[in-house]
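As provided, start-v8.txt (compact mmCIF, C-alpha atoms) reads as follows.
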# COMPACT_ATOMS: atom_id res chain seq x y z
CA MET A 1 18.30 4.28 18.29
CA LYS A 2 18.99 4.13 14.56
CA LEU A 3 15.98 2.58 12.79
CA SER A 4 12.33 2.31 13.78
CA VAL A 5 9.84 0.36 11.67
CA SER A 6 6.26 1.62 11.56
CA ILE A 7 3.44 -0.85 10.75
CA ILE A 8 -0.36 -0.66 10.94
CA SER A 9 -2.48 -3.79 11.16
CA PHE A 10 -5.88 -5.38 11.43
CA ASN A 11 -6.33 -9.17 11.38
CA GLU A 12 -2.98 -9.93 9.75
CA GLU A 13 -2.04 -13.13 11.57
CA ASP A 14 -1.31 -14.82 8.23
CA ASN A 15 1.26 -12.18 7.28
CA ILE A 16 2.75 -10.44 10.28
CA ALA A 17 5.31 -13.09 11.30
CA ARG A 18 6.80 -13.18 7.80
CA THR A 19 7.06 -9.38 7.76
CA LEU A 20 8.74 -9.20 11.17
CA GLN A 21 11.13 -12.09 10.49
CA ALA A 22 12.59 -10.18 7.54
CA LEU A 23 13.38 -7.26 9.87
CA ALA A 24 15.61 -9.30 12.18
CA GLY A 25 19.03 -7.70 12.43
CA LEU A 26 17.83 -4.49 10.80
CA ALA A 27 15.26 -2.80 13.05
CA ASP A 28 16.12 -1.35 16.45
CA GLU A 29 12.43 -0.77 17.17
CA ILE A 30 9.21 -2.08 15.63
CA VAL A 31 6.03 -0.10 16.28
CA LEU A 32 2.80 -1.91 15.43
CA LEU A 33 -0.38 0.16 15.57
CA ASP A 34 -3.29 -2.26 15.53
CA SER A 35 -7.00 -1.53 15.13
CA PHE A 36 -8.27 -4.10 17.64
CA SER A 37 -7.65 -7.23 15.62
CA THR A 38 -9.85 -10.20 16.46
CA ASP A 39 -7.20 -12.76 15.49
CA ARG A 40 -3.65 -13.42 16.81
CA THR A 41 -1.95 -10.48 15.07
CA THR A 42 -0.98 -8.60 18.21
CA GLU A 43 -0.04 -11.75 20.11
CA ILE A 44 2.36 -12.81 17.36
CA ALA A 45 3.83 -9.31 17.01
CA ALA A 46 4.40 -8.87 20.73
CA ALA A 47 6.06 -12.29 20.97
CA MET A 48 8.45 -11.22 18.21
CA GLY A 49 9.46 -8.04 20.04
CA ALA A 50 7.19 -5.41 18.52
CA LYS A 51 5.80 -2.54 20.58
CA VAL A 52 2.06 -2.97 20.15
CA PHE A 53 -0.41 -0.08 20.37
CA GLN A 54 -4.18 -0.15 19.90
CA GLU A 55 -6.30 2.61 18.36
CA PRO A 56 -9.68 2.56 16.60
CA TRP A 57 -9.47 2.67 12.82
CA ALA A 58 -9.44 6.28 11.62
CA GLY A 59 -8.47 5.81 7.96
CA TYR A 60 -5.12 5.03 6.32
CA LEU A 61 -3.73 8.55 6.58
CA ALA A 62 -4.56 9.07 10.24
CA GLN A 63 -3.50 5.57 11.23
CA LYS A 64 -0.13 5.70 9.48
CA ASN A 65 0.66 9.17 10.81
CA SER A 66 -0.21 8.05 14.32
CA ALA A 67 2.17 5.10 13.95
CA LEU A 68 4.94 7.45 12.74
CA GLU A 69 4.52 9.62 15.82
CA LYS A 70 5.14 6.64 18.09
CA CYS A 71 8.57 5.90 16.58
CA SER A 72 11.72 7.10 18.32
CA GLY A 73 14.46 6.13 15.88
CA GLU A 74 16.60 8.53 13.86
CA TRP A 75 15.17 6.85 10.74
CA ILE A 76 11.70 5.40 10.18
CA LEU A 77 10.84 2.62 7.73
CA SER A 78 7.10 2.46 7.00
CA LEU A 79 5.79 -0.95 5.96
CA ASP A 80 2.43 -2.60 5.55
CA SER A 81 1.85 -5.76 7.55
CA ASP A 82 1.87 -7.86 4.37
CA GLU A 83 5.19 -6.54 3.00
CA VAL A 84 8.57 -8.28 3.21
CA LEU A 85 12.04 -6.88 2.52
CA THR A 86 14.30 -8.89 0.21
CA PRO A 87 17.88 -9.59 1.45
CA GLU A 88 19.27 -7.25 -1.22
CA LEU A 89 17.09 -4.37 -0.07
CA THR A 90 17.92 -5.06 3.59
CA ALA A 91 21.64 -4.85 2.84
CA ASN A 92 21.17 -1.61 0.91
CA ILE A 93 19.14 -0.07 3.73
CA LYS A 94 21.95 -0.86 6.18
CA ALA A 95 24.49 0.73 3.84
CA ALA A 96 22.32 3.82 3.30
CA LEU A 97 21.83 4.40 7.02
CA ALA A 98 25.55 4.01 7.64
CA ASP A 99 26.28 6.79 5.14
CA PRO A 100 23.14 8.71 4.09
CA ALA A 101 25.18 11.47 2.38
CA GLY A 102 22.61 14.21 2.92
CA VAL A 103 19.62 12.15 1.83
CA ASN A 104 16.46 12.55 3.93
CA GLY A 105 14.33 9.85 2.35
CA TYR A 106 14.65 6.72 0.25
CA ILE A 107 12.29 5.39 -2.41
CA LEU A 108 11.73 1.62 -2.43
CA LYS A 109 10.51 -0.54 -5.29
CA ARG A 110 7.73 -3.02 -4.69
CA ARG A 111 6.61 -6.19 -6.45
CA THR A 112 3.43 -8.10 -5.68
CA VAL A 113 3.47 -11.84 -5.04
CA TYR A 114 0.19 -13.02 -6.56
CA MET A 115 -1.13 -16.54 -7.19
CA GLY A 116 2.28 -18.02 -6.50
CA ARG A 117 4.19 -15.69 -8.82
CA THR A 118 6.22 -12.55 -8.21
CA LEU A 119 4.82 -10.14 -10.79
CA LYS A 120 7.50 -8.27 -12.72
CA TYR A 121 5.24 -6.32 -15.09
CA ALA A 122 1.70 -6.14 -13.70
CA TRP A 123 1.12 -3.33 -11.21
CA GLN A 124 4.42 -1.76 -12.24
CA PRO A 125 6.11 0.64 -11.78
CA ASP A 126 5.40 0.53 -8.06
CA ARG A 127 7.77 2.92 -6.26
CA HIS A 128 7.13 4.53 -2.89
CA LEU A 129 8.99 6.72 -0.42
CA ARG A 130 9.12 4.51 2.66
CA LEU A 131 12.39 5.22 4.51
CA ALA A 132 12.68 8.68 6.06
CA ARG A 133 14.85 10.60 8.46
CA ARG A 134 12.69 11.51 11.45
CA ASN A 135 13.88 15.13 11.62
CA ALA A 136 12.87 15.57 7.94
CA GLN A 137 9.22 15.82 9.09
CA PRO A 138 7.87 12.64 7.44
CA ARG A 139 4.11 12.78 6.96
CA TRP A 140 1.54 10.71 5.14
CA SER A 141 -0.68 12.76 2.84
CA GLY A 142 -2.98 12.34 -0.14
CA THR A 143 -6.31 10.51 -0.14
CA ASP A 144 -7.43 7.14 1.25
CA PRO A 145 -6.59 4.57 0.03
CA HIS A 146 -3.84 6.15 -2.11
CA GLU A 147 -1.76 7.85 0.57
CA SER A 148 1.92 8.70 0.12
CA LEU A 149 4.78 9.61 2.45
CA LYS A 150 6.39 13.05 2.12
CA VAL A 151 9.62 14.44 3.60
CA GLU A 152 11.55 17.67 3.53
CA GLY A 153 14.81 17.55 1.60
CA ARG A 154 16.50 15.26 -0.90
CA THR A 155 15.38 11.70 -1.69
CA ALA A 156 17.11 8.83 -3.49
CA ASP A 157 16.34 5.31 -4.74
CA LEU A 158 17.47 2.04 -3.19
CA GLU A 159 17.98 -1.21 -5.10
CA GLY A 160 16.17 -4.36 -4.07
CA PHE A 161 12.46 -4.98 -3.58
CA VAL A 162 9.67 -4.95 -1.07
CA LEU A 163 7.59 -8.08 -1.75
CA HIS A 164 3.87 -7.43 -1.32
CA TYR A 165 1.77 -10.42 -0.23
CA SER A 166 -1.46 -8.47 -0.48
CA TYR A 167 -3.94 -11.15 -1.60
CA ARG A 168 -4.12 -14.62 -0.07
CA ASP A 169 -6.50 -15.77 -2.82
CA PHE A 170 -8.82 -14.43 -5.49
CA ALA A 171 -11.78 -14.06 -3.10
CA VAL A 172 -9.70 -11.85 -0.79
CA HIS A 173 -8.50 -9.89 -3.82
CA MET A 174 -12.05 -9.15 -4.93
CA ALA A 175 -13.15 -8.21 -1.41
CA LYS A 176 -10.26 -5.75 -1.11
CA THR A 177 -10.94 -4.39 -4.58
CA GLN A 178 -14.51 -3.57 -3.55
CA LYS A 179 -13.33 -2.02 -0.27
CA TYR A 180 -10.73 0.18 -2.00
CA ALA A 181 -13.19 1.19 -4.73
CA GLN A 182 -15.76 2.28 -2.14
CA GLY A 183 -13.12 4.22 -0.24
CA ALA A 184 -11.93 5.99 -3.37
CA ALA A 185 -15.52 6.84 -4.31
CA LYS A 186 -16.14 8.39 -0.89
CA THR A 187 -13.01 10.48 -1.25
CA TYR A 188 -14.07 11.64 -4.73
CA LEU A 189 -17.53 12.54 -3.43
CA SER A 190 -16.06 14.57 -0.56
CA LYS A 191 -14.03 16.55 -3.09
CA GLY A 192 -17.07 17.24 -5.29
CA LYS A 193 -16.08 14.89 -8.12
CA LYS A 194 -18.94 13.45 -10.20
CA ALA A 195 -19.20 10.17 -12.09
CA ARG A 196 -20.09 10.76 -15.74
CA ARG A 197 -20.95 8.51 -18.66
CA ARG A 198 -17.49 8.82 -20.19
CA ASP A 199 -15.92 7.55 -16.96
CA PHE A 200 -17.59 4.18 -17.54
CA LEU A 201 -17.01 4.06 -21.30
CA ILE A 202 -13.38 5.17 -21.40
CA ARG A 203 -11.61 4.67 -18.08
CA PRO A 204 -12.03 0.89 -17.46
CA PRO A 205 -11.02 -0.15 -21.03
CA PHE A 206 -8.03 2.18 -20.93
CA ALA A 207 -6.99 0.80 -17.53
CA LEU A 208 -7.05 -2.71 -18.99
CA PHE A 209 -5.10 -1.66 -22.10
CA LYS A 210 -2.53 0.18 -19.98
CA ARG A 211 -1.87 -2.85 -17.76
CA LEU A 212 -1.99 -5.56 -20.42
CA VAL A 213 -0.16 -3.83 -23.25
CA LEU A 214 1.69 -0.73 -22.14
CA GLN A 215 2.93 -2.25 -18.89
CA GLN A 216 3.22 -5.75 -20.43
CA ALA A 217 1.26 -7.63 -17.77
CA LEU A 218 0.81 -10.37 -20.37
CA ARG A 219 4.43 -11.36 -19.73
CA ASP A 220 3.45 -12.38 -16.19
CA GLY A 221 1.19 -15.10 -17.57
CA VAL A 222 -2.30 -15.79 -16.24
CA PRO A 223 -1.67 -14.04 -12.88
CA GLY A 224 -0.68 -10.93 -14.82
CA ILE A 225 -3.81 -11.09 -16.97
CA ILE A 226 -6.01 -11.47 -13.87
CA ALA A 227 -4.22 -8.53 -12.24
CA ALA A 228 -4.83 -6.38 -15.30
CA PHE A 229 -8.54 -7.19 -15.42
CA SER A 230 -8.82 -6.51 -11.68
CA THR A 231 -7.48 -3.00 -12.26
CA ALA A 232 -10.14 -2.38 -14.89
CA LEU A 233 -12.78 -3.78 -12.52
CA TYR A 234 -11.55 -1.53 -9.71
CA THR A 235 -11.83 1.49 -12.01
CA TYR A 236 -15.37 0.54 -13.05
CA MET A 237 -16.46 -0.14 -9.45
CA LYS A 238 -15.00 3.13 -8.22
CA TYR A 239 -17.14 5.17 -10.57
CA ALA A 240 -20.18 2.91 -10.07
CA PHE A 241 -20.02 3.50 -6.33
CA LEU A 242 -19.52 7.21 -6.91
CA TRP A 243 -22.53 7.39 -9.24
CA GLU A 244 -24.65 5.56 -6.66
CA MET A 245 -23.51 7.86 -3.85
CA GLN A 246 -24.16 11.06 -5.77
CA ASN A 247 -27.62 9.90 -6.77
CA LYS A 248 -28.76 8.15 -3.59
CA ASP A 249 -31.19 10.94 -2.63
CA LYS A 250 -32.83 11.14 -6.02
CA LYS A 251 -36.20 9.45 -6.57

Please render this file's structure as C-alpha cells.
Amino acid sequence: MKLSVSIISFNEEDNIARTLQALAGLADEIVLLDSFSTDRTTEIAAAMGAKVFQEPWAGYLAQKNSALEKCSGEWILSLDSDEVLTPELTANIKAALADPAGVNGYILKRRTVYMGRTLKYAWQPDRHLRLARRNAQPRWSGTDPHESLKVEGRTADLEGFVLHYSYRDFAVHMAKTQKYAQGAAKTYLSKGKKARRRDFLIRPPFALFKRLVLQQALRDGVPGIIAAFSTALYTYMKYAFLWEMQNKDKK
C-alpha cells in the first residue's frame, strides 16, 4: 500500500465529503479517527470508503498521533477534515511518491477559503509538513492547538495548495477563535507563562499591523481585513484568558 491519508474529525458533515472526493485516485487508504460525532460525519466517510475509528477527544496532538498509528501505507498524508487538495498539488504528490529521491517528508502550502474568497495574503505564509514516509518516524509535536508534524531525514516543498475551508461563517469563526484562544491559554499556563500588561498593550496591535501591512492582507479586500482583525482578537483573547486563569484563586 503506497499512500494512507490520516484525518481526525468531530461533527464535520459539511466538509468531509468535499475532502474525501479530492482524494479519489490518490489515496490507497483513508483513516478517519472520529471523536463520537453527533452528525453524519462517520456515515458519510464510511460510505466513501474511509476506515472509521472512534476515540474520545484527547487533544490535537494525541488524536493526530493516534490516527497516524492506524495507517499502514508506506507514505502518510495528514489532513484536517476541512482541507481539500488542489489538482496541481494532487499531481505533484503522485509524482513525488513515484520518485521521492531520498526525501522523507514534504511541506505543503495552504490557503484559506474565507467568505467566498481564497485568501492569497492573509494568514500567509502557511506552510506545513504534511506528507511523510512512515519509516521516517512521523510524529505530531508542539502545543495544542499549534501542533506540527516532524520526521527524521530530509524534507522538500511541493507546488500546489491545500485549500482550507475552516470557517463556514463569521459566527463559526468567532466561536473557533475563542476555543483556540482558551486552548492556547491553558497550554501557556501549564508551562508557567504569565500574562502581563505589555502583552495586552503591544501584542494585539502588532498582530494587526503584521497581518494588514507586512503580510498585505489588505490586498485580499474585506475578507482579508476581517481575517487580520480576527488575528489581533485571538491574540488579545489568549492573554485575557491566561490572565483570568492565573488569577482565578485570588480574592

- request: Take CA of Arg134 (chain A) and CA of Ile76 (chain A) and report the distance between them in Å, one decimal.
  value: 6.3 Å

Distance query Val151 (chain A) at most 7 Å, all atoms listed in the file, self and fewer than 3 positions along chain excluded, as a list in words: Gly105, Ala132, Ala136, Gln137, Pro138 and Arg139 of chain A

Residues of region 135-183 of chain A that approach region 48-60 of chain A to 9 Å or less, counting all atoms listed in the file: could you list each one with the shortest pair of atoms and its distance in Å to one decimal, rows by chain and increasing residue number, as CSV?
residue,atom,partner,partner_atom,distance
A:Trp140,CA,A:Tyr60,CA,8.8
A:Thr143,CA,A:Tyr60,CA,8.6
A:Asp144,CA,A:Tyr60,CA,6.0
A:Pro145,CA,A:Tyr60,CA,6.5
A:His146,CA,A:Tyr60,CA,8.6
A:Glu147,CA,A:Tyr60,CA,7.2

May I have the selected residues written with C-alpha atoms, as an mmCIF file, in the frame of the given file?
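Output contents, as saved in result24.cif:
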data_model
loop_
_atom_site.group_PDB
_atom_site.id
_atom_site.type_symbol
_atom_site.label_atom_id
_atom_site.label_comp_id
_atom_site.auth_asym_id
_atom_site.auth_seq_id
_atom_site.Cartn_x
_atom_site.Cartn_y
_atom_site.Cartn_z
ATOM 1 C CA TRP A 140 1.540 10.710 5.140
ATOM 2 C CA THR A 143 -6.310 10.510 -0.140
ATOM 3 C CA ASP A 144 -7.430 7.140 1.250
ATOM 4 C CA PRO A 145 -6.590 4.570 0.030
ATOM 5 C CA HIS A 146 -3.840 6.150 -2.110
ATOM 6 C CA GLU A 147 -1.760 7.850 0.570
#

- prompt: CA of Leu77 (chain A) and CA of Leu3 (chain A) are how many Å apart?
  reply: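 Distance reported for this atom pair: 7.2 Å.
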
- request: Measuring atom to atom with all atoms listed in the file, identify which of A:Arg117, A:Arg196, A:Arg18, A:Lys64 is nearest to Ser6 (chain A).
  value: A:Lys64
